[in-house]
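*Asks:* Have a look at this one before I ask anything.
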Amino acid sequence: MMNNSDVLLGYDFDKWNGYAIKEPLFTDISVNTNSHTLICGMSGSGKSYLTNQYLARLCMQSAKNSKVYFADFKQDDTFSYLRNCNRYYPYDKTIEALNIVYEILHNRQSGQDICRTPITLIWDEYVANILSLISEDKKQAQEVMRKVSEILMLGRSLAVRLVVSCQRPDAVVFPTGSRLNYGIVIIVGAPIKSIYEMLIPKEYIERIGDRQFKIGEGVALLQGSDLHFIKVPVIRDEDKLQRICIEALNR
């Protein structure tokens, strides 16, 4: 049974392709669960389309007094409709968004802020952003990754959530095994063995078998042990999706 903190990830891939049955897959994003999310997929995989949907669904499920921050390193047309929002941070201001969320985390940890309404930072093209930082200022990049690691470790108990999207989750950008701190891992597009090996236990990779995923199809691993194969829904009302996101980023 669906509850108020469930968010739709997609439809069951096997039932959709084998029987044309739309069986939805939901996951709990309440503060009681690890809802840090990692979305991966190479160019043309449908990753940005999924991230857009995921943002809207998180916004729909979030309390009215919660806050969503969006860091858009790539700043292409996908999220251009958000550019005038109060909590939208383009490529040269993404670290500003991180620092704001990090300060909220520490205010809550110290007891200065007793609020536990959800705070969400969505960071598009996170890996590309960090690799760019490494090439410019390695010390700053290390500090950014340290803050991200703290959010991943402490965020669940303090209602601070991180959602990142990237093409490849390279280890250099996820220090000290921080890739394992994501409770929701989604990989879309054509199967790439090296990405699977970075994020999915070997015995689960074997369960993928000979499935061939196209754009907007892939794997969802929930809480490190619950494996699903999904098909991302098609959004019929893009204007409604955008309105939901704009309202959330302007609260």
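Labels for the structure tokens follow display order: chains A, B, ..., residues from 1 in each chain, ligands from 1.
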Enumerate the residues of range 63-195 of chain A with a DSSP assignment of helix (DSSP H, G or I), computed from the backbone, and present them as number ranges by chain.

*Replies:* A: 77-82, 94-110, 126-136, 138-158, 171-173, 175-181, 193-195

*Asks:* Step one, run DSSP on the backbone; step two, keep only residues of range 75-184 of chain A assigned to strand (DSSP E); then write them as a PyMOL selection string.

*Replies:* chain A and resi 88-90+119-124+160-166+184

*Asks:* Would you kindly return, as a ChimeraX atom specification, each protein, DNA or RNA residue with an atom no farther than 9 Å from any atom of Ser48 in chain A, considering only C-alpha atoms and excluding same-chain residues fewer than 4 positions away?

*Replies:* /A:41,44,52-53,78-79,124,165

*Asks:* Hey, can you check how far CA of Tyr89 in chain A sits from CA of Arg236 in chain A?

*Replies:*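 A separation of 27.2 Å between them.
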
*Asks:* Within 7 Å of range 217-225 of chain A, which residues of range 142-211 of chain A show up? Give each one with its shortest atom-to-atom distance in Å (one decimal) and the two atoms involved, counting only C-alpha atoms, rows by chain then rising residue number, as a Markdown table.

*Replies:*
```
| residue | atom | partner | partner_atom | distance |
| --- | --- | --- | --- | --- |
| A:Gly183 | CA | A:Gln223 | CA | 4.4 |
| A:Ile184 | CA | A:Leu222 | CA | 4.8 |
| A:Val185 | CA | A:Leu221 | CA | 5.1 |
| A:Ile186 | CA | A:Ala220 | CA | 4.4 |
| A:Ile187 | CA | A:Val219 | CA | 5.2 |
| A:Val188 | CA | A:Gly218 | CA | 4.2 |
| A:Gly189 | CA | A:Glu217 | CA | 5.7 |
```

*Asks:* Could you pull the residues within 8 Å of Val232 in chain A, counting only C-alpha atoms, minus those fewer than 4 positions along the same chain, as JSON, numbers by chain?

*Replies:* {"A": [9, 10, 11, 50, 216, 217]}

*Asks:* Output N, CA and C atoms of each residue in that selection to a file, as a PDB file, in the first residue's frame.

*Replies:*
```pdb
ATOM      1  N   LEU A   9       9.209   5.736  -8.880  1.00  0.00           N
ATOM      2  CA  LEU A   9      10.465   5.678  -9.622  1.00  0.00           C
ATOM      3  C   LEU A   9      10.244   5.308 -11.077  1.00  0.00           C
ATOM      4  N   GLY A  10       9.257   4.465 -11.320  1.00  0.00           N
ATOM      5  CA  GLY A  10       8.988   4.005 -12.675  1.00  0.00           C
ATOM      6  C   GLY A  10       8.075   2.800 -12.635  1.00  0.00           C
ATOM      7  N   TYR A  11       7.989   2.107 -13.767  1.00  0.00           N
ATOM      8  CA  TYR A  11       7.182   0.891 -13.866  1.00  0.00           C
ATOM      9  C   TYR A  11       8.086  -0.329 -13.962  1.00  0.00           C
ATOM     10  N   LEU A  50      14.747  11.581 -16.323  1.00  0.00           N
ATOM     11  CA  LEU A  50      14.414  10.965 -15.048  1.00  0.00           C
ATOM     12  C   LEU A  50      14.653  11.942 -13.896  1.00  0.00           C
ATOM     13  N   GLY A 216      15.666   5.522 -20.927  1.00  0.00           N
ATOM     14  CA  GLY A 216      14.639   5.562 -19.892  1.00  0.00           C
ATOM     15  C   GLY A 216      14.324   4.221 -19.257  1.00  0.00           C
ATOM     16  N   GLU A 217      15.176   3.249 -19.454  1.00  0.00           N
ATOM     17  CA  GLU A 217      15.012   1.935 -18.828  1.00  0.00           C
ATOM     18  C   GLU A 217      16.285   1.584 -18.077  1.00  0.00           C
TER      19      GLU A 217
END
```
